[in-house]
Amino acid sequence: KLRLRSYSTPMRDSNVFLELKKKYSGVVYKRRQTLRYSDAMDYILNDELPNDSQIMREIDYTMVRYKNLKPRMFIGYDRTAFYSKTDHELRITFDKNVRFRTENLDLAKGSYGEKILQPNLCIMEIKSLNTMPLWLTSALNELKIFPGSFSKYGTAYRIVTERNQMMGGTNCA
């Protein structure tokens with residue numbers, strides 16, 4: 001998966017992140033290149049390589065290998081992140097107001113779109129490089145919270161696909 005990430009609505013000189021996300025043997029790897037928004041867009045839309053770093057070469061290899069990659073979907077959400085004071089590798093995030101759109105994909109246009117989740121739901125993600133602390137495991141068990149998987153992009157893609165099939169159209173995401 002190749003994505004352009006911004007933590008706010010970017011301006012031309014804002015920093016954004018061009019990310020390559022891949023899964024190998026069940027482990028997710030992310031390669032991230034920090035770029036000015038204008039440079040990222042020049043690269044994505046006009047193939048103008050912004051620098052010759054190792055990460056940028058990996059991203060460019062992906063762009064060349066999977067010809068004609070262009071933006072297809074915007075995913076936005078409101079995230080609240082918590083970090084452990086004692087275990088710097090432990091992070092818990094809550095994503096709410098998850099939304100998507102398949103038109104007007106310029107990040108500079110703002111963060112709006114069709115909602116994926118019901119208003120009273122959120123996505124909790126726990127990331128830890130080490131084993132989860134016992135206190136957290138106990139709390140999750142007590143609350144009957146068990147691991148599951150959820151893909152924001154996959155869910156949005158399914159919504160678009162189902163809508164297009166109902167309307168007799170083709171998939172645009």
# chains A, B, ... in the order shown; residues from 1 in each chain; ligands from 1
>>> select_by_dssp(residues="chain A", states="helix (DSSP H, G or I)", output="JSON, numbers by chain")
{"A": [37, 38, 39, 40, 41, 42, 43, 44, 45, 46, 54, 55, 56, 57, 58, 59, 60, 61, 62, 63, 64, 65, 107, 108, 109, 134, 135, 136, 137, 138, 139, 140, 141, 142, 152, 153, 154, 155, 156, 157, 158, 159, 160, 161, 162, 163, 164, 165, 166, 167]}
>>> residues_around(residues="segment 32-42 of chain A", least_positions_apart="5", cutoff="10 Å", atoms="only C-alpha atoms", output="JSON, numbers by chain")
{"A": [2, 3, 4, 5, 6, 10, 11, 12, 13, 14, 15, 16, 17, 18, 19, 20, 21, 47, 48, 49, 50, 51, 53, 54, 55, 56, 59, 106, 107, 108]}
>>> closest_residue(among="A:Ile116, A:Leu134, A:Ile126, A:Leu45", to="Ile159 of chain A", atoms="only C-alpha atoms")
A:Ile116
>>> closest_residue(among="A:Thr161, A:Ser111, A:Asn120, A:Ser84", to="Lys96 of chain A", atoms="only C-alpha atoms")
A:Asn120
>>> closest_residue(among="A:Val160, A:Met132, A:Val64, A:Met124", to="Phe82 of chain A", atoms="only C-alpha atoms")
A:Met124
>>> residues_around(residues="Met73 of chain A", least_positions_apart="5", cutoff="10 Å", atoms="only C-alpha atoms", output="list of chain:residue names")
A:Arg3, A:Phe100, A:Arg101, A:Thr102, A:Glu103, A:Asn104, A:Leu105, A:Asp106, A:Tyr153, A:Ala156, A:Tyr157, A:Cys172, A:Ala173
>>> write_last_selection(atoms="all heavy atoms", output="CSV table (one decimal), in the first residue's frame")
chain,number,residue,atom,x,y,z
A,3,ARG,N,0.7,5.3,0.4
A,3,ARG,CA,-0.2,6.4,0.9
A,3,ARG,C,0.6,7.7,1.2
A,3,ARG,O,1.8,7.7,1.5
A,3,ARG,CB,-1.0,5.9,2.1
A,3,ARG,CG,-0.1,5.6,3.3
A,3,ARG,CD,-1.0,5.1,4.4
A,3,ARG,NE,-0.2,4.7,5.6
A,3,ARG,CZ,-0.7,4.0,6.6
A,3,ARG,NH1,-2.0,3.6,6.6
A,3,ARG,NH2,0.1,3.7,7.6
A,100,PHE,N,-14.3,8.6,4.4
A,100,PHE,CA,-13.6,8.4,3.1
A,100,PHE,C,-14.3,9.2,2.0
A,100,PHE,O,-15.5,9.5,2.1
A,100,PHE,CB,-13.5,6.9,2.8
A,100,PHE,CG,-14.8,6.3,2.2
A,100,PHE,CD1,-15.0,6.3,0.8
A,100,PHE,CD2,-15.8,5.9,3.0
A,100,PHE,CE1,-16.1,5.7,0.3
A,100,PHE,CE2,-17.0,5.4,2.5
A,100,PHE,CZ,-17.1,5.3,1.1
A,101,ARG,N,-13.6,9.4,0.9
A,101,ARG,CA,-14.1,9.9,-0.3
A,101,ARG,C,-13.3,9.4,-1.5
A,101,ARG,O,-12.1,9.1,-1.3
A,101,ARG,CB,-14.3,11.4,-0.3
A,101,ARG,CG,-12.9,12.2,-0.2
A,101,ARG,CD,-13.2,13.7,-0.1
A,101,ARG,NE,-12.0,14.5,-0.2
A,101,ARG,CZ,-11.3,15.1,0.8
A,101,ARG,NH1,-11.9,15.0,2.0
A,101,ARG,NH2,-10.2,15.7,0.6
A,102,THR,N,-13.9,9.3,-2.6
A,102,THR,CA,-13.2,8.9,-3.8
A,102,THR,C,-13.1,10.0,-4.9
A,102,THR,O,-12.7,9.7,-6.0
A,102,THR,CB,-14.0,7.6,-4.4
A,102,THR,OG1,-15.3,8.0,-4.7
A,102,THR,CG2,-13.9,6.5,-3.5
A,103,GLU,N,-13.6,11.2,-4.5
A,103,GLU,CA,-13.5,12.3,-5.4
A,103,GLU,C,-12.8,13.5,-4.7
A,103,GLU,O,-12.8,13.5,-3.5
A,103,GLU,CB,-14.8,12.7,-6.0
A,103,GLU,CG,-15.5,11.6,-6.8
A,103,GLU,CD,-16.9,12.0,-7.3
A,103,GLU,OE1,-17.4,13.1,-6.9
A,103,GLU,OE2,-17.5,11.2,-8.1
A,104,ASN,N,-12.3,14.4,-5.4
A,104,ASN,CA,-11.7,15.6,-4.8
A,104,ASN,C,-10.6,15.2,-3.8
A,104,ASN,O,-10.7,15.5,-2.6
A,104,ASN,CB,-12.8,16.5,-4.1
A,104,ASN,CG,-12.4,17.9,-4.0
A,104,ASN,OD1,-11.4,18.3,-4.6
A,104,ASN,ND2,-13.1,18.6,-3.1
A,105,LEU,N,-9.7,14.4,-4.2
A,105,LEU,CA,-8.7,13.7,-3.3
A,105,LEU,C,-7.5,14.6,-2.8
A,105,LEU,O,-6.7,14.1,-2.0
A,105,LEU,CB,-8.2,12.5,-4.0
A,105,LEU,CG,-9.3,11.5,-4.4
A,105,LEU,CD1,-8.7,10.3,-5.2
A,105,LEU,CD2,-10.0,11.0,-3.2
A,106,ASP,N,-7.4,15.8,-3.3
A,106,ASP,CA,-6.4,16.7,-2.9
A,106,ASP,C,-6.5,16.9,-1.3
A,106,ASP,O,-7.5,17.3,-0.8
A,106,ASP,CB,-6.5,18.0,-3.6
A,106,ASP,CG,-5.4,19.0,-3.3
A,106,ASP,OD1,-4.6,18.8,-2.3
A,106,ASP,OD2,-5.3,20.0,-4.1
A,153,TYR,N,-9.3,1.3,4.9
A,153,TYR,CA,-9.4,1.3,3.4
A,153,TYR,C,-10.2,0.1,2.9
A,153,TYR,O,-11.0,0.3,2.0
A,153,TYR,CB,-8.0,1.2,2.8
A,153,TYR,CG,-8.0,1.1,1.3
A,153,TYR,CD1,-8.1,2.3,0.5
A,153,TYR,CD2,-7.9,-0.1,0.6
A,153,TYR,CE1,-8.2,2.2,-0.8
A,153,TYR,CE2,-7.9,-0.2,-0.7
A,153,TYR,CZ,-8.1,1.0,-1.5
A,153,TYR,OH,-8.2,0.9,-2.8
A,156,ALA,N,-13.9,0.9,3.3
A,156,ALA,CA,-14.3,1.9,2.3
A,156,ALA,C,-14.4,1.3,0.9
A,156,ALA,O,-15.4,1.6,0.2
A,156,ALA,CB,-13.4,3.1,2.4
A,157,TYR,N,-13.4,0.5,0.6
A,157,TYR,CA,-13.4,-0.1,-0.7
A,157,TYR,C,-14.6,-1.0,-0.9
A,157,TYR,O,-15.3,-1.0,-2.0
A,157,TYR,CB,-12.1,-0.9,-0.9
A,157,TYR,CG,-11.9,-1.6,-2.2
A,157,TYR,CD1,-11.4,-0.8,-3.3
A,157,TYR,CD2,-12.4,-2.9,-2.5
A,157,TYR,CE1,-11.2,-1.4,-4.5
A,157,TYR,CE2,-12.2,-3.5,-3.7
A,157,TYR,CZ,-11.6,-2.7,-4.7
A,157,TYR,OH,-11.5,-3.3,-6.0
A,172,CYS,N,-14.4,2.4,-8.7
A,172,CYS,CA,-13.5,3.5,-8.9
A,172,CYS,C,-12.4,3.6,-7.8
A,172,CYS,O,-11.7,4.6,-7.8
A,172,CYS,CB,-14.3,4.8,-9.0
A,172,CYS,SG,-15.1,5.2,-7.4
A,173,ALA,N,-12.4,2.7,-6.9
A,173,ALA,CA,-11.4,2.8,-5.8
A,173,ALA,C,-10.3,1.9,-6.0
A,173,ALA,O,-10.4,0.8,-6.6
A,173,ALA,CB,-12.1,2.6,-4.5
>>> closest_residue(among="A:Arg91, A:Gly154, A:Gly110, A:Pro147", to="Pro133 of chain A", atoms="only C-alpha atoms")
A:Arg91
>>> residues_around(residues="Cys122 of chain A", least_positions_apart="5", cutoff="12 Å", atoms="only C-alpha atoms", output="list in words")
Tyr77, Asp78, Arg79, Thr80, Thr93, Phe94, Asp95, Lys96, Asn97, Val98, Arg99, Lys115, Ile116, Leu117, Phe150 and Lys152 of chain A
>>> closest_residue(among="A:Lys1, A:Thr86, A:Arg163, A:Trp135", to="Tyr66 of chain A", atoms="only C-alpha atoms")
A:Lys1
>>> atom_distance(atom1="atom CA of Glu58 of chain A", atom2="atom CA of Arg31 of chain A")
8.4 Å
>>> atom_distance(atom1="atom CA of Ser8 of chain A", atom2="atom CA of Gly76 of chain A")
9.9 Å
>>> select_by_dssp(residues="segment 49-143 of chain A", states="strand (DSSP E)", output="MDAnalysis selection string")
chainID A and resid 74:83 90:101 114:115 123:128
>>> atom_distance(atom1="atom CA of Tyr112 of chain A", atom2="atom CA of Ile75 of chain A")
8.8 Å
>>> decode(residues="segment 94-160 of chain A", atoms="C-alpha atoms", output="mmCIF file, in the first residue's frame")
data_model
loop_
_atom_site.group_PDB
_atom_site.id
_atom_site.type_symbol
_atom_site.label_atom_id
_atom_site.label_comp_id
_atom_site.auth_asym_id
_atom_site.auth_seq_id
_atom_site.Cartn_x
_atom_site.Cartn_y
_atom_site.Cartn_z
ATOM 1 C CA PHE A 94 -8.609 5.412 19.332
ATOM 2 C CA ASP A 95 -9.879 6.423 15.881
ATOM 3 C CA LYS A 96 -13.369 7.869 15.554
ATOM 4 C CA ASN A 97 -15.270 9.716 12.858
ATOM 5 C CA VAL A 98 -13.608 7.494 10.219
ATOM 6 C CA ARG A 99 -14.507 8.827 6.784
ATOM 7 C CA PHE A 100 -13.605 8.395 3.119
ATOM 8 C CA ARG A 101 -14.139 9.911 -0.298
ATOM 9 C CA THR A 102 -13.238 8.868 -3.829
ATOM 10 C CA GLU A 103 -13.454 12.306 -5.449
ATOM 11 C CA ASN A 104 -11.690 15.614 -4.789
ATOM 12 C CA LEU A 105 -8.706 13.728 -3.336
ATOM 13 C CA ASP A 106 -6.361 16.688 -2.855
ATOM 14 C CA LEU A 107 -5.435 16.676 0.861
ATOM 15 C CA ALA A 108 -5.426 20.475 0.801
ATOM 16 C CA LYS A 109 -9.220 20.389 0.281
ATOM 17 C CA GLY A 110 -9.782 19.358 3.904
ATOM 18 C CA SER A 111 -10.870 16.309 5.830
ATOM 19 C CA TYR A 112 -14.428 15.367 5.017
ATOM 20 C CA GLY A 113 -16.182 12.356 3.560
ATOM 21 C CA GLU A 114 -18.686 9.575 4.024
ATOM 22 C CA LYS A 115 -18.668 7.947 7.464
ATOM 23 C CA ILE A 116 -17.576 4.313 7.823
ATOM 24 C CA LEU A 117 -18.478 3.737 11.480
ATOM 25 C CA GLN A 118 -21.608 4.406 13.484
ATOM 26 C CA PRO A 119 -21.210 7.576 15.596
ATOM 27 C CA ASN A 120 -20.919 5.636 18.894
ATOM 28 C CA LEU A 121 -18.102 3.352 17.662
ATOM 29 C CA CYS A 122 -14.352 3.762 17.452
ATOM 30 C CA ILE A 123 -11.364 1.658 16.508
ATOM 31 C CA MET A 124 -8.872 0.864 19.252
ATOM 32 C CA GLU A 125 -5.404 -0.167 18.173
ATOM 33 C CA ILE A 126 -2.717 -1.396 20.530
ATOM 34 C CA LYS A 127 0.858 -1.405 19.320
ATOM 35 C CA SER A 128 3.707 -2.905 21.274
ATOM 36 C CA LEU A 129 7.091 -4.168 20.164
ATOM 37 C CA ASN A 130 7.367 -6.216 23.343
ATOM 38 C CA THR A 131 4.800 -8.452 24.968
ATOM 39 C CA MET A 132 1.771 -6.609 26.266
ATOM 40 C CA PRO A 133 2.017 -5.673 29.961
ATOM 41 C CA LEU A 134 0.094 -7.907 32.339
ATOM 42 C CA TRP A 135 -2.027 -5.000 33.626
ATOM 43 C CA LEU A 136 -3.236 -4.276 30.076
ATOM 44 C CA THR A 137 -3.898 -7.938 29.270
ATOM 45 C CA SER A 138 -5.922 -8.277 32.500
ATOM 46 C CA ALA A 139 -7.940 -5.121 31.765
ATOM 47 C CA LEU A 140 -8.729 -6.253 28.213
ATOM 48 C CA ASN A 141 -9.786 -9.707 29.430
ATOM 49 C CA GLU A 142 -11.977 -8.231 32.155
ATOM 50 C CA LEU A 143 -13.689 -5.974 29.615
ATOM 51 C CA LYS A 144 -13.994 -8.873 27.148
ATOM 52 C CA ILE A 145 -11.986 -7.034 24.504
ATOM 53 C CA PHE A 146 -10.282 -9.477 22.164
ATOM 54 C CA PRO A 147 -8.040 -9.029 19.112
ATOM 55 C CA GLY A 148 -9.639 -8.457 15.759
ATOM 56 C CA SER A 149 -8.726 -6.869 12.476
ATOM 57 C CA PHE A 150 -10.247 -3.901 10.714
ATOM 58 C CA SER A 151 -9.075 -2.114 7.591
ATOM 59 C CA LYS A 152 -10.293 1.438 7.072
ATOM 60 C CA TYR A 153 -9.357 1.289 3.398
ATOM 61 C CA GLY A 154 -10.772 -2.222 2.963
ATOM 62 C CA THR A 155 -14.084 -1.196 4.507
ATOM 63 C CA ALA A 156 -14.340 1.932 2.344
ATOM 64 C CA TYR A 157 -13.396 -0.090 -0.743
ATOM 65 C CA ARG A 158 -16.135 -2.629 0.051
ATOM 66 C CA ILE A 159 -18.716 0.190 0.442
ATOM 67 C CA VAL A 160 -17.733 1.692 -2.934
#
